[in-house]
There are 2 protein chains.
Amino acid sequence: MEISRREWIKGSAAVMAMGSLTLPASAQEVAPLPSWNDGPAKASILAFVRDTTDKSGPKYVEPADRIATFDQDGTLWVEHPLYGQAAFALARVGEMAPSHPDWKEKEPFKTVLARDYAAMSKFTEADWLQIVAVTHAGMSTEVFQGLVKDWIATAKAPRFDRPYTDLVYQPMLEVMQYLRANGFRTYIVTGGGQEFVRVYSERVYGIPPEQVVGSSIMTTYEDNSGKPVLMREPKPFFIDDGPGKAVGINLFIGKRPQAAFGNSGSADLKSGDAQMLEWTQVGDGARLMMLVLHDDAKREYAYGPARGLPNTSVGTFSDTLLAEATKNSWIVISMKNDWKRIFAWES
Amino acid sequence: MEISRREWIKGSAAVMAMGSLTLPASAQEVAPLPSWNDGPAKASILAFVRDTTDKSGPKYVEPADRIATFDQDGTLWVEHPLYGQAAFALARVGEMAPSHPDWKEKEPFKTVLARDYAAMSKFTEADWLQIVAVTHAGMSTEVFQGLVKDWIATAKAPRFDRPYTDLVYQPMLEVMQYLRANGFRTYIVTGGGQEFVRVYSERVYGIPPEQVVGSSIMTTYEDNSGKPVLMREPKPFFIDDGPGKAVGINLFIGKRPQAAFGNSGSADLKSGDAQMLEWTQVGDGARLMMLVLHDDAKREYAYGPARGLPNTSVGTFSDTLLAEATKNSWIVISMKNDWKRIFAWES
């Protein structure tokens, strides 16, 4: 079978997206960002990389300072109808139910076991904390990582009927690879669980565990009869969301990013990516701030409520966030218009 | 002036110690660890690197997993008579005193301003928290970093009358450089302030800010009239000491080190480096655990109280720690016997 030029470019892009591999010269010659349509979003990424790597230009950035941060849910992979990590937690409740007969009558577990998604969508933070306490805590870090590894290898996402890790956005993989090929270090800065994402970040995004910043619960060091373990406790330690994303970047990286990519912001901007982009923009020189807008119901999902898209509580892109983006000249990526394809496996 | 072979090796070692520079082939040919005397300590480092980088051997470690962690105070630089960061705090109290006339009569500031070192050595944790609150908090991260930068550039350490950053141990710089030249990433894992050490870690140790794990206080994101800042609050956030070192390694690195270097451990082992070494040792394959013993009063300081050395509350090497080292086959580095020279500027 002859491989067409188009197939070959796609194949190269997939290899490029795999991360820390050294690129063969032939792959480097492929035009960057092949899954992006020409337009202001793609042009802004190309201009940013050109400016920050041009040693003779005024916006040159030393390689050590080339940091780019990416939100995960809704920015790198699908977050609807439910965050991947929430799906993991609900699946764990199901698996654990036989040893917890009282859950049949005890909320919030009863609702989970009844698969009452309408009721689940109204869960309070206290409900979720109870679910997290039994599914994410009370075990060592190693046991937890093993559970995540098993789940992510086998679970299928609804609608697409594919592993969750197939639901990563090919155009964003290309951005990360393109930045890395130009000396940037790519970090995930997620409101999701740091230890959850670290299990698959290297394989899926080419991002090693130490470059994943996320929310975390307390861990305590226990002797465990001479073989020490870190036990996960049912207490929040750090919430890497909203203003916490700037705090987390400073805490874990200690450098201001040159580029930041997000997708969400509640109406009060207390959760989501607004502060990560603000914190990035305050620095001097070339800075790139981008927000993914989910406006493609056909190929993925459409939600805002900005620009009249349907409202959602999962990954809200509020009118406030859109106003901030406009005021600060952040670039809004339209999935519908800017992305030639969304998933690597699309025809 | 002719440069002797010995001078040339010393010069090369100094260049090598500077960190992330690419080594010229000629420098790589210099025998590693030139400031170490031959003996079991030096031999164990050489054997560890040989084992972990020998692709055909059973103890080979993939480059991505080559992580080495180093305590700072007493392991990488002098901690007596007082931690460098404590000296910074006391100096700040002196500088701030004119705007705080009440400190003349208010403890613990009165004692600091009276330079009553005997009384200061008896400060409680609450005393130090008050000092930290006024010297390390109530300002933005940028302002704090500026203060540290100015202090470290000008302050002189007692006895040696040299900048604190001259008081780094040349043999340890050589270990870090040697590990890096063999594909290891070197991290500082310090009980000291993460944001304090990050100011000079790259210049002094060749370790970038994102590879410094330390204790931290709370920071909060504030708008500051449209130019956001992170404000440092007078509340502890994370204590990277004792069991906290294993917690911090998991939190910030997410990988178990292959090698760990420390020097201290209180009698109850609740502070110091014991857990960092235990956590390192629990992993499979080749692991290197080393403790620096300060037994050289002539060239540096001598304190334990292990092995009958004078007791101290700054960087205690307790009998309990020595017993742990013996039981677990951790290697104790004798500064007196294992180090040919201690500082780069020694004759």
# chains A, B, ... in the order shown; residues from 1 in each chain; ligands from 1
$ interface_residues --of "chain A" --to "chain B" --cutoff "6 Å" --atoms "only C-alpha atoms" --output "number ranges by chain"
A: 209-210, 221, 243, 253-254
$ residues_around --residues "B:Val143" --least-positions-apart "2" --cutoff "12 Å" --atoms "only C-alpha atoms" --output "number ranges by chain"
B: 135-141, 145-150, 195-196, 199, 229-232
$ write_last_selection --atoms "all heavy atoms" --output "compact mmCIF listing (two decimals), in the first residue's frame"
# COMPACT_ATOMS: atom_id res chain seq x y z
N THR B 135 10.22 39.28 58.59
CA THR B 135 11.33 39.37 57.63
C THR B 135 11.06 38.61 56.34
O THR B 135 11.70 38.88 55.32
CB THR B 135 12.63 38.79 58.25
OG1 THR B 135 12.40 37.42 58.63
CG2 THR B 135 13.06 39.60 59.47
N HIS B 136 10.15 37.64 56.37
CA HIS B 136 9.91 36.80 55.20
C HIS B 136 8.51 36.96 54.63
O HIS B 136 8.19 36.38 53.60
CB HIS B 136 10.10 35.32 55.56
CG HIS B 136 11.52 34.88 55.70
ND1 HIS B 136 12.36 35.39 56.66
CD2 HIS B 136 12.26 33.98 54.99
CE1 HIS B 136 13.56 34.81 56.54
NE2 HIS B 136 13.52 33.96 55.54
N ALA B 137 7.63 37.68 55.32
CA ALA B 137 6.24 37.78 54.87
C ALA B 137 5.80 39.23 54.82
O ALA B 137 6.58 40.14 55.14
CB ALA B 137 5.34 36.96 55.78
N GLY B 138 4.54 39.44 54.38
CA GLY B 138 4.03 40.79 54.29
C GLY B 138 4.58 41.55 53.11
O GLY B 138 4.59 42.79 53.09
N MET B 139 5.07 40.82 52.13
CA MET B 139 5.61 41.45 50.91
C MET B 139 5.39 40.48 49.75
O MET B 139 5.08 39.32 49.97
CB MET B 139 7.10 41.75 51.09
CG MET B 139 7.96 40.49 51.22
SD MET B 139 9.67 40.82 51.75
CE MET B 139 9.53 40.65 53.53
N SER B 140 5.56 40.98 48.54
CA SER B 140 5.38 40.11 47.38
C SER B 140 6.59 39.20 47.22
O SER B 140 7.67 39.47 47.76
CB SER B 140 5.20 40.95 46.12
OG SER B 140 6.43 41.52 45.74
N THR B 141 6.40 38.13 46.46
CA THR B 141 7.51 37.21 46.18
C THR B 141 8.66 37.95 45.51
O THR B 141 9.83 37.67 45.79
CB THR B 141 7.04 36.07 45.26
OG1 THR B 141 6.39 36.63 44.12
CG2 THR B 141 6.06 35.16 45.98
N GLN B 145 12.44 38.19 46.96
CA GLN B 145 13.60 37.70 46.19
C GLN B 145 14.65 38.80 46.04
O GLN B 145 15.86 38.53 46.10
CB GLN B 145 13.15 37.21 44.81
CG GLN B 145 12.38 35.89 44.89
CD GLN B 145 11.48 35.65 43.68
OE1 GLN B 145 11.46 36.45 42.74
NE2 GLN B 145 10.72 34.57 43.71
N GLY B 146 14.20 40.04 45.87
CA GLY B 146 15.14 41.17 45.76
C GLY B 146 15.95 41.35 47.04
O GLY B 146 17.16 41.59 46.99
N LEU B 147 15.28 41.23 48.17
CA LEU B 147 15.97 41.37 49.46
C LEU B 147 17.03 40.28 49.64
O LEU B 147 18.15 40.55 50.10
CB LEU B 147 14.96 41.29 50.62
CG LEU B 147 13.99 42.46 50.77
CD1 LEU B 147 12.94 42.15 51.82
CD2 LEU B 147 14.74 43.75 51.12
N VAL B 148 16.65 39.04 49.28
CA VAL B 148 17.60 37.93 49.42
C VAL B 148 18.79 38.14 48.49
O VAL B 148 19.95 37.95 48.87
CB VAL B 148 16.91 36.57 49.13
CG1 VAL B 148 17.93 35.43 49.20
CG2 VAL B 148 15.77 36.32 50.10
N LYS B 149 18.48 38.57 47.28
CA LYS B 149 19.54 38.78 46.28
C LYS B 149 20.55 39.82 46.78
O LYS B 149 21.76 39.64 46.68
CB LYS B 149 18.88 39.24 44.97
CG LYS B 149 19.74 39.01 43.75
CD LYS B 149 18.98 39.33 42.47
CE LYS B 149 19.92 39.24 41.29
NZ LYS B 149 19.28 39.65 40.04
N ASP B 150 20.02 40.91 47.32
CA ASP B 150 20.90 41.97 47.83
C ASP B 150 21.73 41.47 49.00
O ASP B 150 22.93 41.73 49.10
CB ASP B 150 20.07 43.18 48.29
CG ASP B 150 19.45 43.90 47.11
OD1 ASP B 150 19.84 43.62 45.95
OD2 ASP B 150 18.55 44.73 47.33
N GLU B 195 11.88 29.54 48.53
CA GLU B 195 12.02 30.77 47.74
C GLU B 195 13.32 31.50 48.07
O GLU B 195 13.82 32.27 47.25
CB GLU B 195 10.81 31.68 47.99
CG GLU B 195 10.58 32.68 46.89
CD GLU B 195 9.11 32.78 46.50
OE1 GLU B 195 8.26 32.90 47.40
OE2 GLU B 195 8.79 32.72 45.31
N PHE B 196 13.88 31.25 49.22
CA PHE B 196 15.18 31.81 49.60
C PHE B 196 16.28 31.16 48.76
O PHE B 196 17.06 31.84 48.09
CB PHE B 196 15.40 31.56 51.09
CG PHE B 196 16.69 32.11 51.65
CD1 PHE B 196 16.75 33.41 52.12
CD2 PHE B 196 17.83 31.32 51.72
CE1 PHE B 196 17.94 33.92 52.65
CE2 PHE B 196 19.02 31.82 52.24
CZ PHE B 196 19.07 33.13 52.70
N VAL B 199 16.83 31.80 44.90
CA VAL B 199 17.43 33.05 44.43
C VAL B 199 18.87 32.82 43.92
O VAL B 199 19.28 33.43 42.94
CB VAL B 199 17.41 34.11 45.55
CG1 VAL B 199 18.23 35.33 45.17
CG2 VAL B 199 15.97 34.52 45.86
N VAL B 229 0.19 40.27 41.95
CA VAL B 229 1.38 39.83 42.70
C VAL B 229 1.01 38.65 43.57
O VAL B 229 -0.17 38.42 43.85
CB VAL B 229 1.94 40.95 43.61
CG1 VAL B 229 2.53 42.10 42.79
CG2 VAL B 229 0.88 41.46 44.58
N LEU B 230 2.00 37.89 43.99
CA LEU B 230 1.81 36.86 45.00
C LEU B 230 2.35 37.41 46.31
O LEU B 230 3.54 37.74 46.41
CB LEU B 230 2.55 35.58 44.61
CG LEU B 230 1.94 34.81 43.45
CD1 LEU B 230 2.87 33.70 43.00
CD2 LEU B 230 0.58 34.23 43.83
N MET B 231 1.46 37.54 47.28
CA MET B 231 1.85 38.09 48.58
C MET B 231 2.24 36.96 49.52
O MET B 231 1.53 35.96 49.62
CB MET B 231 0.70 38.89 49.19
CG MET B 231 0.46 40.22 48.50
SD MET B 231 1.89 41.36 48.59
CE MET B 231 1.86 41.78 50.34
N ARG B 232 3.33 37.13 50.21
CA ARG B 232 3.81 36.13 51.17
C ARG B 232 3.13 36.37 52.51
O ARG B 232 3.21 37.46 53.07
CB ARG B 232 5.33 36.22 51.29
CG ARG B 232 6.05 35.80 50.01
CD ARG B 232 7.54 36.08 50.07
NE ARG B 232 8.18 35.42 51.19
CZ ARG B 232 8.63 34.16 51.19
NH1 ARG B 232 8.50 33.41 50.11
NH2 ARG B 232 9.20 33.65 52.25
$ atom_distance --atom1 "atom CA of A:Ala302" --atom2 "atom CA of A:His80"
9.5 Å
$ residues_around --residues "stretch 312-324 of chain B" --least-positions-apart "5" --cutoff "8 Å" --atoms "only C-alpha atoms" --output "list of chain:residue names"
B:Asp73, B:Gly74, B:Glu79, B:His80, B:Pro81, B:Leu82, B:Tyr83, B:Asn263, B:Ser264, B:Gly265, B:Ser266, B:Ala267, B:Asp268, B:Leu269, B:Gly272, B:Ala274, B:Leu293, B:Tyr303, B:Gly304, B:Pro305, B:Ala306, B:Arg307, B:Trp330
$ select_by_dssp --residues "stretch 53-249 of chain A" --states "alpha helix (DSSP H)" --output "ChimeraX atom specification"
/A:53,84-96,109-113,117-120,125-136,141-154,170-181,194-197,201-205,243-249
$ write_last_selection --atoms "C-alpha atoms" --output "compact mmCIF listing (two decimals), in the first residue's frame"
# COMPACT_ATOMS: atom_id res chain seq x y z
CA THR A 53 13.87 32.02 19.70
CA GLY A 84 -12.05 12.04 33.50
CA GLN A 85 -11.02 11.97 37.14
CA ALA A 86 -14.64 12.18 38.27
CA ALA A 87 -15.41 9.21 36.02
CA PHE A 88 -12.57 7.33 37.74
CA ALA A 89 -13.97 8.18 41.18
CA LEU A 90 -17.49 7.03 40.23
CA ALA A 91 -16.14 3.81 38.75
CA ARG A 92 -14.22 3.16 41.97
CA VAL A 93 -17.39 3.65 44.02
CA GLY A 94 -18.99 0.95 41.88
CA GLU A 95 -16.04 -1.40 42.33
CA MET A 96 -15.90 -0.83 46.07
CA PHE A 109 -23.00 6.82 47.27
CA LYS A 110 -26.62 5.77 46.77
CA THR A 111 -26.99 8.28 43.94
CA VAL A 112 -23.73 7.14 42.34
CA LEU A 113 -24.71 3.47 42.50
CA TYR A 117 -26.48 11.43 36.52
CA ALA A 118 -29.02 14.22 36.86
CA ALA A 119 -28.71 14.06 40.65
CA MET A 120 -24.92 13.69 40.44
CA GLU A 125 -18.51 20.07 47.17
CA ALA A 126 -19.14 18.14 50.41
CA ASP A 127 -20.60 15.26 48.37
CA TRP A 128 -17.54 15.15 46.14
CA LEU A 129 -15.22 15.33 49.17
CA GLN A 130 -16.89 12.21 50.54
CA ILE A 131 -16.41 10.45 47.22
CA VAL A 132 -12.78 11.58 46.97
CA ALA A 133 -12.14 10.46 50.57
CA VAL A 134 -13.06 6.85 49.81
CA THR A 135 -11.69 6.66 46.26
CA HIS A 136 -8.53 8.79 46.45
CA THR A 141 0.55 6.67 46.78
CA GLU A 142 1.70 3.49 45.05
CA VAL A 143 -1.62 1.71 45.49
CA PHE A 144 -3.44 4.80 44.20
CA GLN A 145 -1.20 5.07 41.15
CA GLY A 146 -1.85 1.41 40.41
CA LEU A 147 -5.62 1.93 40.52
CA VAL A 148 -5.38 4.90 38.15
CA LYS A 149 -3.11 2.99 35.81
CA ASP A 150 -5.53 0.07 35.62
CA TRP A 151 -8.54 2.31 35.13
CA ILE A 152 -7.00 4.49 32.44
CA ALA A 153 -5.88 1.40 30.52
CA THR A 154 -9.37 -0.06 30.35
CA GLN A 170 -4.25 16.55 18.34
CA PRO A 171 -3.75 20.29 17.66
CA MET A 172 -2.67 20.82 21.28
CA LEU A 173 -0.27 17.86 21.14
CA GLU A 174 1.23 19.58 18.12
CA VAL A 175 1.58 22.89 20.00
CA MET A 176 3.34 21.16 22.89
CA GLN A 177 5.64 19.27 20.57
CA TYR A 178 6.39 22.40 18.55
CA LEU A 179 7.23 24.34 21.69
CA ARG A 180 9.46 21.53 22.98
CA ALA A 181 11.23 21.30 19.63
CA GLN A 194 -1.57 15.99 40.45
CA GLU A 195 -0.95 12.35 41.33
CA PHE A 196 -3.75 11.23 39.02
CA VAL A 197 -2.44 13.03 35.94
CA SER A 201 1.21 12.36 31.47
CA GLU A 202 4.48 11.07 30.03
CA ARG A 203 2.87 8.49 27.77
CA VAL A 204 0.00 10.68 26.60
CA TYR A 205 1.48 14.18 26.49
CA PRO A 243 -5.79 32.08 41.75
CA GLY A 244 -4.23 28.81 42.98
CA LYS A 245 -2.82 28.27 39.48
CA ALA A 246 -0.55 31.30 39.84
CA VAL A 247 0.37 30.15 43.35
CA GLY A 248 1.09 26.64 42.05
CA ILE A 249 3.23 27.90 39.18
$ atom_distance --atom1 "atom CA of A:Glu300" --atom2 "atom CA of A:Ile67"
28.7 Å
$ atom_distance --atom1 "atom CA of B:Met290" --atom2 "atom CA of B:Ile342"
16.8 Å
$ closest_residue --among "B:Arg299, B:Gly192, B:Lys104, B:Pro40" --to "B:Arg341" --atoms "only C-alpha atoms"
B:Arg299
$ select_by_dssp --residues "stretch 47-186 of chain A" --states "strand (DSSP E or B)" --output "PyMOL selection string"
chain A and resi 67-70+73+77+139-140+156-157+162-163+168+185-186
